[in-house]
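**Student:** What follows is data-v9.txt, made up of compact mmCIF, C-alpha atoms:
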```
# COMPACT_ATOMS: atom_id res chain seq x y z
CA MET N 200 -14.71 -10.43 12.41
CA ALA N 201 -11.80 -12.79 11.97
CA GLY N 202 -8.26 -11.76 12.81
CA SER N 203 -5.63 -11.20 10.15
CA ASP N 204 -2.09 -12.38 9.68
CA ALA N 205 0.41 -12.77 6.87
CA HIS N 206 -1.48 -15.76 5.45
CA SER N 207 -5.01 -14.35 5.71
CA PRO N 208 -6.98 -13.03 2.73
CA TYR N 209 -6.44 -9.35 1.95
CA TRP N 210 -9.71 -8.39 3.59
CA LEU N 211 -11.80 -10.60 5.76
CA PRO N 212 -15.58 -10.59 5.23
CA PRO N 213 -18.27 -10.76 6.41
CA TYR N 214 -18.61 -7.40 8.13
CA ASP N 215 -21.48 -6.10 10.23
CA SER N 216 -21.12 -2.52 9.00
CA ILE N 217 -19.01 -0.84 6.33
CA LEU N 218 -18.39 2.82 5.54
CA GLU N 219 -17.07 3.89 2.16
CA LEU N 220 -15.39 7.29 2.06
CA GLY N 221 -15.79 8.88 -1.37
CA TYR N 222 -18.35 6.45 -2.83
CA GLY N 223 -18.57 8.44 -6.12
CA SER N 224 -20.95 6.81 -8.58
CA GLY N 225 -21.32 3.87 -6.18
CA ILE N 226 -19.47 1.36 -8.32
CA LEU N 227 -17.86 -0.38 -5.32
CA LEU N 228 -21.01 -0.40 -3.15
CA PRO N 229 -22.54 -3.62 -4.62
CA THR N 230 -19.33 -5.48 -3.71
CA LEU N 231 -19.33 -3.98 -0.22
CA ALA N 232 -23.01 -4.87 0.22
CA ALA N 233 -22.17 -8.48 -0.66
CA VAL N 234 -19.73 -8.69 2.27
CA GLY N 235 -21.46 -6.42 4.79
CA ARG N 236 -24.81 -6.37 6.53
CA LYS N 237 -25.06 -2.56 6.62
CA VAL N 238 -23.30 -0.29 4.11
CA CYS N 239 -22.95 3.47 4.43
CA GLY N 240 -21.15 6.01 2.31
CA ILE N 241 -20.11 9.65 2.39
CA ASP N 242 -18.98 11.68 -0.62
CA LEU N 243 -18.19 15.35 -1.04
CA GLU N 244 -19.61 15.76 -4.53
CA PHE N 245 -21.84 12.93 -5.71
CA ASP N 246 -25.61 13.01 -5.30
CA PRO N 247 -26.63 10.30 -2.81
CA ASP N 248 -30.16 10.02 -4.22
CA ARG N 249 -28.87 9.40 -7.73
CA ALA N 250 -26.36 6.80 -6.52
CA ALA N 251 -29.02 5.12 -4.33
CA ALA N 252 -31.42 4.95 -7.29
CA SER N 253 -28.77 3.23 -9.41
CA LEU N 254 -28.01 0.81 -6.58
CA ALA N 255 -31.71 0.03 -6.08
CA LYS N 256 -31.86 -1.24 -9.69
CA LEU N 257 -29.26 -3.81 -8.62
CA GLY N 258 -31.13 -4.69 -5.43
CA VAL N 259 -28.49 -2.98 -3.28
CA SER N 260 -29.34 -0.78 -0.34
CA ALA N 261 -26.88 1.69 1.16
CA SER N 262 -27.22 4.68 3.46
CA LEU N 263 -25.51 7.45 1.50
CA VAL N 264 -24.88 11.09 2.39
CA ARG N 265 -23.22 14.05 0.76
CA GLY N 266 -20.60 15.47 3.07
CA ASP N 267 -16.97 16.09 3.88
CA VAL N 268 -15.03 13.16 5.36
CA ARG N 269 -13.47 15.64 7.80
CA GLU N 270 -16.92 16.31 9.28
CA MET N 271 -18.44 12.83 9.50
CA GLY N 272 -21.25 12.65 12.04
CA TYR N 273 -21.35 8.90 12.58
CA PRO N 274 -21.23 7.59 16.16
CA GLU N 275 -17.92 6.28 17.50
CA GLU N 276 -17.15 2.59 16.93
CA SER N 277 -19.90 2.27 14.30
CA PHE N 278 -18.04 0.32 11.62
CA ASP N 279 -16.06 -2.88 11.19
CA LEU N 280 -14.51 -1.70 7.94
CA VAL N 281 -13.86 1.74 6.45
CA VAL N 282 -12.94 1.77 2.76
CA ALA N 283 -11.25 4.73 1.04
CA ILE N 284 -10.36 4.07 -2.58
CA SER N 285 -8.68 7.01 -4.34
CA VAL N 286 -9.49 9.40 -1.50
CA PHE N 287 -6.42 10.04 0.67
CA GLU N 288 -4.24 11.34 -2.17
CA HIS N 289 -6.66 14.32 -2.27
CA ILE N 290 -6.26 15.13 1.44
CA ARG N 291 -3.33 17.43 2.20
CA GLU N 292 -3.26 16.65 5.94
CA PRO N 293 -4.52 13.06 6.37
CA SER N 294 -3.90 12.95 10.15
CA TYR N 295 -7.22 14.58 11.05
CA VAL N 296 -9.26 12.24 8.84
CA LEU N 297 -7.32 9.24 10.16
CA GLU N 298 -8.15 10.30 13.71
CA LYS N 299 -11.86 10.49 12.78
CA VAL N 300 -11.71 7.09 11.04
CA SER N 301 -9.98 5.53 14.02
CA ARG N 302 -12.84 6.68 16.26
CA LEU N 303 -15.44 5.36 13.82
CA LEU N 304 -13.87 1.89 13.71
CA ARG N 305 -14.64 -0.78 16.26
CA LYS N 306 -11.59 -2.06 18.07
CA ASP N 307 -11.41 -5.08 15.76
CA GLY N 308 -12.11 -3.02 12.62
CA HIS N 309 -9.99 -2.36 9.55
CA LEU N 310 -9.25 0.49 7.19
CA LEU N 311 -8.78 -0.45 3.52
CA VAL N 312 -7.10 2.27 1.45
CA GLY N 313 -6.22 2.43 -2.22
CA MET N 314 -4.30 5.30 -3.73
CA PRO N 315 -2.33 6.05 -6.89
CA ARG N 316 1.30 6.90 -7.15
CA VAL N 317 1.82 10.63 -6.54
CA ASP N 318 4.96 12.03 -8.16
CA ALA N 319 6.34 13.53 -11.37
CA ALA N 320 6.20 10.18 -13.20
CA MET N 321 2.48 9.85 -12.49
CA GLN N 322 1.96 13.49 -13.52
CA ALA N 323 3.50 12.58 -16.89
CA LEU N 324 1.20 9.56 -17.25
CA PHE N 325 -1.87 11.60 -16.30
CA SER N 326 -0.93 14.27 -18.84
CA LEU N 327 -1.56 11.69 -21.57
CA ILE N 328 -5.24 11.38 -20.58
CA TRP N 329 -6.00 14.68 -18.82
CA SER N 330 -4.97 18.25 -19.60
CA GLY N 331 -5.18 19.47 -15.98
CA ASP N 332 -2.45 19.63 -13.37
CA ILE N 333 -2.88 16.48 -11.28
CA THR N 334 -0.48 17.82 -8.65
CA ALA N 335 -3.18 20.31 -7.64
CA HIS N 336 -5.47 17.36 -6.80
CA HIS N 337 -3.06 14.62 -5.76
CA VAL N 338 -1.28 16.10 -2.76
CA THR N 339 -0.45 13.09 -0.55
CA ASP N 340 1.57 10.03 -1.55
CA TYR N 341 1.43 6.65 0.13
CA HIS N 342 4.59 7.34 2.16
CA ARG N 343 3.02 10.42 3.72
CA PHE N 344 -0.26 8.57 4.25
CA LEU N 345 1.46 5.67 6.03
CA SER N 346 3.49 8.04 8.17
CA ALA N 347 0.31 9.79 9.30
CA ALA N 348 -1.51 6.46 9.76
CA ALA N 349 1.26 4.98 11.94
CA ILE N 350 0.07 7.05 14.91
CA ARG N 351 -3.31 5.27 15.08
CA PHE N 352 -3.03 2.22 12.82
CA LYS N 353 -0.90 -0.84 12.21
CA LEU N 354 -0.22 -1.79 8.60
CA ILE N 355 -1.42 -5.36 8.04
CA ARG N 356 -1.04 -5.75 4.27
CA PHE N 357 0.49 -3.69 1.47
CA ALA N 358 0.22 -4.40 -2.25
CA THR N 359 1.18 -2.68 -5.49
CA LEU N 360 -0.34 -2.55 -8.93
CA PRO N 361 0.99 -4.10 -11.01
CA ARG N 362 1.25 -6.87 -8.47
CA TRP N 363 4.81 -7.81 -9.40
CA ALA N 364 6.09 -4.23 -9.06
CA PRO N 365 8.18 -3.21 -6.08
CA PRO N 366 6.81 -0.11 -4.30
CA PHE N 367 9.17 2.30 -6.10
CA ALA N 368 7.69 1.15 -9.44
CA GLY N 369 4.05 0.70 -8.41
CA LEU N 370 1.32 2.72 -10.07
CA TYR N 371 -1.34 2.09 -7.42
CA PHE N 372 -1.09 0.97 -3.81
CA SER N 373 -3.54 -0.83 -1.55
CA MET N 374 -3.14 -0.99 2.20
CA LEU N 375 -5.06 -2.81 4.90
CA LEU N 376 -4.65 -1.29 8.36
CA ARG N 377 -5.93 -2.09 11.83
CA ARG N 378 -6.25 0.23 14.80
CA ALA N 379 -2.93 0.34 16.67
CA ASP N 380 -4.64 -0.21 20.04
CA VAL N 381 -5.53 -3.78 19.02
CA GLU N 382 -3.12 -6.56 19.94
CA GLY N 383 -2.06 -9.24 17.50
```
Written as structure tokens, that's how I'd like the structure from this file.

**Tutor:**
Amino acid sequence: MAGSDAHSPYWLPPYDSILELGYGSGILLPTLAAVGRKVCGIDLEFDPDRAAASLAKLGVSASLVRGDVREMGYPEESFDLVVAISVFEHIREPSYVLEKVSRLLRKDGHLLVGMPRVDAAMQALFSLIWSGDITAHHVTDYHRFLSAAAIRFKLIRFATLPRWAPPFAGLYFSMLLRRADVEG
């Protein structure tokens, strides 16, 4: 896999193997399959057979399992890229999962994370579309995630949505990280 710097694309395909944490309905898996030779996924709730059947209709193959990201049984250094979109905000103590992810990544691998804003302003926005208490589900903000990640990872890229928004005004955040034990 190519190296990254300030002028590199946000993520750098192709990848030999990719793991998606929290694949859900599998909506991102066709994109991941287009940039990776082998794609795997783990999700706590979604049925892997149902998601695989939907993917097969698109000609996409992925090795999917139902399971907890805190108990992943993949061998160490199995993946070039681990993707976690809208996952870490649900994890109260991200350090343990980050330790597991760090072991799963090859030394030149990356972690791509996307997560929404987690605060009272986002709670107000969510209340317009959902009657539940989002603070019961969204327990970690990007500051806390990055603080936990700094032990094992180096932040390579950070972006907000909307793109023009400074972090304090962002609604969603994407972060590309690399294992901290890799030089460069």

**Student:** Expressed in Å to a single decimal, how great is the separation between atom CA of N:Lys237 and atom CA of N:Leu220?

**Tutor:**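 Calculated distance between atom CA of N:Lys237 and atom CA of N:Leu220 is 14.5 Å.
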
**Student:** With a cut-off of 7 Å, could you pull out the residues of stretch 235-339 of chain N touching stretch 210-219 of chain N and give me the nearest pair of atoms for each, distance in Å to one decimal, using all atoms listed in the file, ordered by chain and ascending number, as JSON lines?

**Tutor:**
```
{"residue": "N:Gly235", "atom": "CA", "partner": "N:Tyr214", "partner_atom": "CA", "distance": 4.5}
{"residue": "N:Arg236", "atom": "CA", "partner": "N:Asp215", "partner_atom": "CA", "distance": 5.0}
{"residue": "N:Lys237", "atom": "CA", "partner": "N:Ser216", "partner_atom": "CA", "distance": 4.6}
{"residue": "N:Val238", "atom": "CA", "partner": "N:Ile217", "partner_atom": "CA", "distance": 4.9}
{"residue": "N:Cys239", "atom": "CA", "partner": "N:Leu218", "partner_atom": "CA", "distance": 4.7}
{"residue": "N:Gly240", "atom": "CA", "partner": "N:Glu219", "partner_atom": "CA", "distance": 4.6}
{"residue": "N:Ile241", "atom": "CA", "partner": "N:Glu219", "partner_atom": "CA", "distance": 6.5}
{"residue": "N:Phe278", "atom": "CA", "partner": "N:Ser216", "partner_atom": "CA", "distance": 4.9}
{"residue": "N:Asp279", "atom": "CA", "partner": "N:Ser216", "partner_atom": "CA", "distance": 5.5}
{"residue": "N:Leu280", "atom": "CA", "partner": "N:Ile217", "partner_atom": "CA", "distance": 4.9}
{"residue": "N:Val281", "atom": "CA", "partner": "N:Leu218", "partner_atom": "CA", "distance": 4.7}
{"residue": "N:Val282", "atom": "CA", "partner": "N:Glu219", "partner_atom": "CA", "distance": 4.7}
{"residue": "N:Ala283", "atom": "CA", "partner": "N:Glu219", "partner_atom": "CA", "distance": 6.0}
```

**Student:** So the first atom is atom CA of N:Ser294 and the second is atom CA of N:Leu345; what is the distance between them in Å, to one decimal place?

**Tutor:**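 Answer for the atom CA of N:Ser294 to atom CA of N:Leu345 separation: 9.9 Å.
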
**Student:** Given only C-alpha atoms as the basis, pick out the residue of N:Ser262, N:Glu276, N:Val286, N:Thr334 nearest to N:Gly221.

**Tutor:**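 Looking only at the distances to N:Gly221, the closest residue turns out to be N:Val286.
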
**Student:** When distances are computed from only C-alpha atoms, which of N:Thr339, N:Ile328, N:Val317, N:Leu311 shows the smallest separation from N:Phe357?

**Tutor:**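 Distance minimum relative to N:Phe357 lands on N:Leu311.
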
**Student:** Please indicate the distance in Å from atom CA of N:Pro229 to atom CA of N:Arg249, rounded to one decimal place.

**Tutor:**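 According to the coordinates, atom CA of N:Pro229 and atom CA of N:Arg249 are separated by 14.8 Å.
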
**Student:** So which one's closest to N:Arg291, N:Asp242, N:Asp307, N:Arg343, N:Met314? Using all atoms listed in the file, please.

**Tutor:**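 Nearest to N:Arg291: N:Arg343.
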
**Student:** Could you build a table of the residues in stretch 238-313 of chain N lying no more than 9 Å from stretch 361-378 of chain N, giving for each the nearest pair of atoms and their separation in Å rounded to one decimal place, using all atoms listed in the file, ordered by chain and ascending residue number, as JSON lines?

**Tutor:**
```
{"residue": "N:Ile284", "atom": "CA", "partner": "N:Ser373", "partner_atom": "CA", "distance": 8.5}
{"residue": "N:Ser301", "atom": "CA", "partner": "N:Arg378", "partner_atom": "CA", "distance": 6.5}
{"residue": "N:Leu304", "atom": "CA", "partner": "N:Arg378", "partner_atom": "CA", "distance": 7.9}
{"residue": "N:Arg305", "atom": "CA", "partner": "N:Arg378", "partner_atom": "CA", "distance": 8.6}
{"residue": "N:Lys306", "atom": "CA", "partner": "N:Arg378", "partner_atom": "CA", "distance": 6.7}
{"residue": "N:Asp307", "atom": "CA", "partner": "N:Arg377", "partner_atom": "CA", "distance": 7.4}
{"residue": "N:Gly308", "atom": "CA", "partner": "N:Arg377", "partner_atom": "CA", "distance": 6.3}
{"residue": "N:His309", "atom": "CA", "partner": "N:Arg377", "partner_atom": "CA", "distance": 4.7}
{"residue": "N:Leu310", "atom": "CA", "partner": "N:Leu376", "partner_atom": "CA", "distance": 5.1}
{"residue": "N:Leu311", "atom": "CA", "partner": "N:Leu375", "partner_atom": "CA", "distance": 4.6}
{"residue": "N:Val312", "atom": "CA", "partner": "N:Met374", "partner_atom": "CA", "distance": 5.2}
{"residue": "N:Gly313", "atom": "CA", "partner": "N:Ser373", "partner_atom": "CA", "distance": 4.3}
```

**Student:** Find the residues near N:Pro247: any atom within 8 Å, counting all atoms listed in the file, skip ones fewer than 5 places away on the same chain, and give them as a list of chain:residue names.

**Tutor:**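 Non-adjacent residues within range: N:Leu263, N:Val264, N:Arg265.
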
**Student:** Which residues are close to N:His289, i.e. within 6 Å by all atoms listed in the file, leaving aside same-chain residues fewer than 2 positions away? Reply as a list in words.

**Tutor:**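 Near neighbours after the sequence-gap exclusion: Val286, Phe287, His336, His337 and Val338 of chain N.
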
**Student:** Let me make sure I understand: among N:Leu297, N:Phe245, N:Gly223, N:Ser285, which one has the smallest atom-to-atom distance to N:Glu270 if we use all atoms listed in the file?

**Tutor:**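 Closest residue, counting all atoms listed in the file: N:Leu297.
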
**Student:** List as a PyMOL selection string the protein and nucleic acid residues near N:Arg302, meaning an atom at most 7 Å away when all atoms listed in the file are counted, but skip any in the same chain fewer than 3 places from it.

**Tutor:** chain N and resi 275-276+298-299

**Student:** Would you please work out which residue, of N:Ala335, N:Ala232, N:Ala379, N:Leu327, is nearest to N:Ala255 when using only C-alpha atoms?

**Tutor:**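 For N:Ala255, the nearest of the given residues is N:Ala232.
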
**Student:** My list of candidates is N:Thr230, N:Leu354, N:Asp332, N:Arg316. Which is closest to N:Val259 when distances are computed with all atoms listed in the file?

**Tutor:** N:Thr230
